[in-house]
Amino acid sequence: MDTDKKNLVLREGFLVKRGHIVHNWKARWFMLTPDKLLYYKYEGGKRDSCQRGKILLKDSVITCPFLEYENRPLVFKLQTKHGVDHFLEACSREERDEWAADIRATVNKLQATDNGKLMNQKDPAESRLHNINLSKVLDSMYDVHSGIKLSNHVEQGSNYSNCFSGSAVVDWLVFMQLTLTRVEAVTLASALLEEGFLRTVGLRSVEGLRTAGLSEQFMDDSTALYGFSDSLKKRGSVKAERSLSAVELSGKVIKRGYLLKQGHRRKNWKVRLFVLRSEPAFLHYYDPTKDDITPVGGFSLRGCLISSLDDNGVPSGVKGNIQGNLFKIITKSDTRYFIQAPTHQEKMEWIDAIREQT
């Protein structure tokens, strides 16, 4: 492989990486090349020119999803041929699966080059669903140690406890190797739903059940909620209660991704996971280095003004050695938020998405 091909960037963006020695989580800028994964640190709103590390991909193994971190369901594991584990977290299930697929394809191409022949990218294994005992699957889901995690969720202002999302079920079935693909997992979960082992919770999953075809009754969706059937012995009963503080988190997720935000007091730049919701329209941001699933900040988009900032020079109110792609949001209470996207395209996509909600 020549130098130009090795330097080709196949994919890039923010991921959150767990440290090797101190097991804390840090946001890093990752670049996938044809033979390795490079990562860089962002300092003061600008990417460091020196790489922080690299992961050689030849003979590596991807595990996606990787569900051993309770509060981090979007993690995938990359194990090198020397047995070194790297744990990486994306901002969404779509991003996680796309990163894992691109890395896996790169690993397969490296292997194919070594073998001197193309490898078949498709999984030749046939569906094993007809051999699966649904009662045993349910017992595994109930297992206190390795079963699916029961947690609290919010939908349209209502809090539901002791339930799980459709995407979490699909992740778990694939991770436990009960199915080969997400499509098979949806089919298996639909069977559990049809046989009464699982039940719908909240409006989203009920609507999905009402409108979907027979083979797609179950939704691979993080906003569709499910629980164990009331007729079965279970670890917890689903409870719903109205909470005013939960209303702003109950809207439909329109967009999510990693952006840099300037602090209000210290004016330093930090990578944050931003989540844009509608009905009601709110923009929340989370600290990706923390396991806490509650936002560290957010604001209503009603009456907000959003504008793109010129990349020539440093705009008024902005500090640090910034890299550009800035935009500003002024809330109804006149609070100013300065936000930096990784690319111009992402900046414009965020501006357009937010404007549709204001």
# chains A, B, ... in the order shown; residues from 1 in each chain; ligands from 1
$ select_by_dssp --residues "segment 47-264 of chain A" --states "alpha helix (DSSP H)" --output "JSON, numbers by chain"
{"A": [93, 94, 95, 96, 97, 98, 99, 100, 101, 102, 103, 104, 105, 106, 107, 108, 109, 110, 111, 112, 113, 114, 115, 134, 135, 136, 137, 138, 139, 140, 141, 142, 166, 167, 168, 169, 170, 171, 172, 173, 174, 175, 182, 183, 184, 185, 186, 187, 188, 189, 190, 191, 192, 193, 194, 202, 203, 204, 205, 206, 207, 208, 209, 210, 211]}
$ residues_around --residues "Thr80 of chain A" --least-positions-apart "6" --cutoff "7 Å" --atoms "only C-alpha atoms" --output "list in words"
Leu57, Asp59, Ser60 and Val61 of chain A
$ write_last_selection --atoms "C-alpha atoms" --output "JSON list (two decimals), in the first residue's frame"
[["chain", "number", "residue", "atom", "x", "y", "z"],
["A", 57, "LEU", "CA", -6.32, -2.20, 12.30],
["A", 59, "ASP", "CA", -6.30, -8.42, 12.31],
["A", 60, "SER", "CA", -8.39, -6.30, 14.70],
["A", 61, "VAL", "CA", -11.80, -7.45, 15.94]]
$ residues_around --residues "Leu37 of chain A" --least-positions-apart "3" --cutoff "8 Å" --atoms "only C-alpha atoms" --output "JSON, numbers by chain"
{"A": [30, 31, 32, 33, 54, 55, 56, 57]}
$ write_last_selection --atoms "C-alpha atoms" --output "mmCIF file, in the first residue's frame"
data_model
loop_
_atom_site.group_PDB
_atom_site.id
_atom_site.type_symbol
_atom_site.label_atom_id
_atom_site.label_comp_id
_atom_site.auth_asym_id
_atom_site.auth_seq_id
_atom_site.Cartn_x
_atom_site.Cartn_y
_atom_site.Cartn_z
ATOM 1 C CA PHE A 30 -10.751 10.269 15.137
ATOM 2 C CA MET A 31 -9.585 9.729 11.566
ATOM 3 C CA LEU A 32 -9.993 6.350 9.861
ATOM 4 C CA THR A 33 -7.360 5.569 7.230
ATOM 5 C CA LYS A 54 -3.001 5.397 16.654
ATOM 6 C CA ILE A 55 -4.637 1.992 16.481
ATOM 7 C CA LEU A 56 -3.342 -0.426 13.854
ATOM 8 C CA LEU A 57 -6.316 -2.204 12.297
#
$ closest_residue --among "A:Phe274, A:Phe14, A:Phe282, A:Tyr160" --to "Ser300 of chain A" --atoms "only C-alpha atoms"
A:Phe282
$ residues_around --residues "Gly196 of chain A" --least-positions-apart "3" --cutoff "9 Å" --atoms "only C-alpha atoms" --output "VMD selection string"
chain A and resid 191 to 193 199 228 to 229 231
$ closest_residue --among "A:Leu305, A:Leu178, A:Leu276, A:Val170" --to "Asp221 of chain A" --atoms "only C-alpha atoms"
A:Val170
$ atom_distance --atom1 "atom CA of Cys64 of chain A" --atom2 "atom CA of Ala185 of chain A"
13.8 Å
$ closest_residue --among "A:Arg266, A:Pro342, A:Ser167, A:Lys36" --to "Leu110 of chain A" --atoms "only C-alpha atoms"
A:Lys36
$ closest_residue --among "A:Gln323, A:Thr179, A:Thr289, A:Ser333" --to "Asn24 of chain A" --atoms "only C-alpha atoms"
A:Thr289
$ closest_residue --among "A:Glu346, A:Glu70, A:Glu356, A:Glu194" --to "Gly257 of chain A" --atoms "only C-alpha atoms"
A:Glu346
$ closest_residue --among "A:Asn325, A:Thr211, A:Thr113, A:Thr331" --to "Asp310 of chain A" --atoms "only C-alpha atoms"
A:Asn325
$ select_by_dssp --residues "segment 121-190 of chain A" --states "strand (DSSP E or B)" --output "ChimeraX atom specification"
/A:151-155,158-165
$ write_last_selection --atoms "C-alpha atoms" --output "compact mmCIF listing (two decimals), in the first residue's frame"
# COMPACT_ATOMS: atom_id res chain seq x y z
CA SER A 151 -34.28 1.82 33.48
CA ASN A 152 -36.35 5.00 33.59
CA HIS A 153 -37.48 6.72 30.39
CA VAL A 154 -39.41 9.86 29.50
CA GLU A 155 -42.04 10.08 26.77
CA SER A 158 -44.44 11.06 31.43
CA ASN A 159 -41.77 9.12 33.34
CA TYR A 160 -41.81 5.33 32.89
CA SER A 161 -39.76 3.15 35.23
CA ASN A 162 -38.62 -0.48 34.87
CA CYS A 163 -38.73 -0.56 31.09
CA PHE A 164 -36.37 -0.51 28.11
CA SER A 165 -36.21 0.92 24.59
$ residues_around --residues "Gly208 of chain A" --least-positions-apart "2" --cutoff "9 Å" --atoms "only C-alpha atoms" --output "VMD selection string"
chain A and resid 203 to 206 210 to 212 216 to 219 224
$ residues_around --residues "Pro34 of chain A" --least-positions-apart "6" --cutoff "10 Å" --atoms "only C-alpha atoms" --output "list in words"
Met1, Lys5, Lys6, Asn7, Leu8, Val9, Leu10, Arg11, Leu56, Leu57, Lys58, Ile103, Ala105, Thr106, Val107, Lys109 and Leu110 of chain A
$ residues_around --residues "segment 262-264 of chain A" --least-positions-apart "6" --cutoff "8 Å" --atoms "only C-alpha atoms" --output "count of residues only"
5
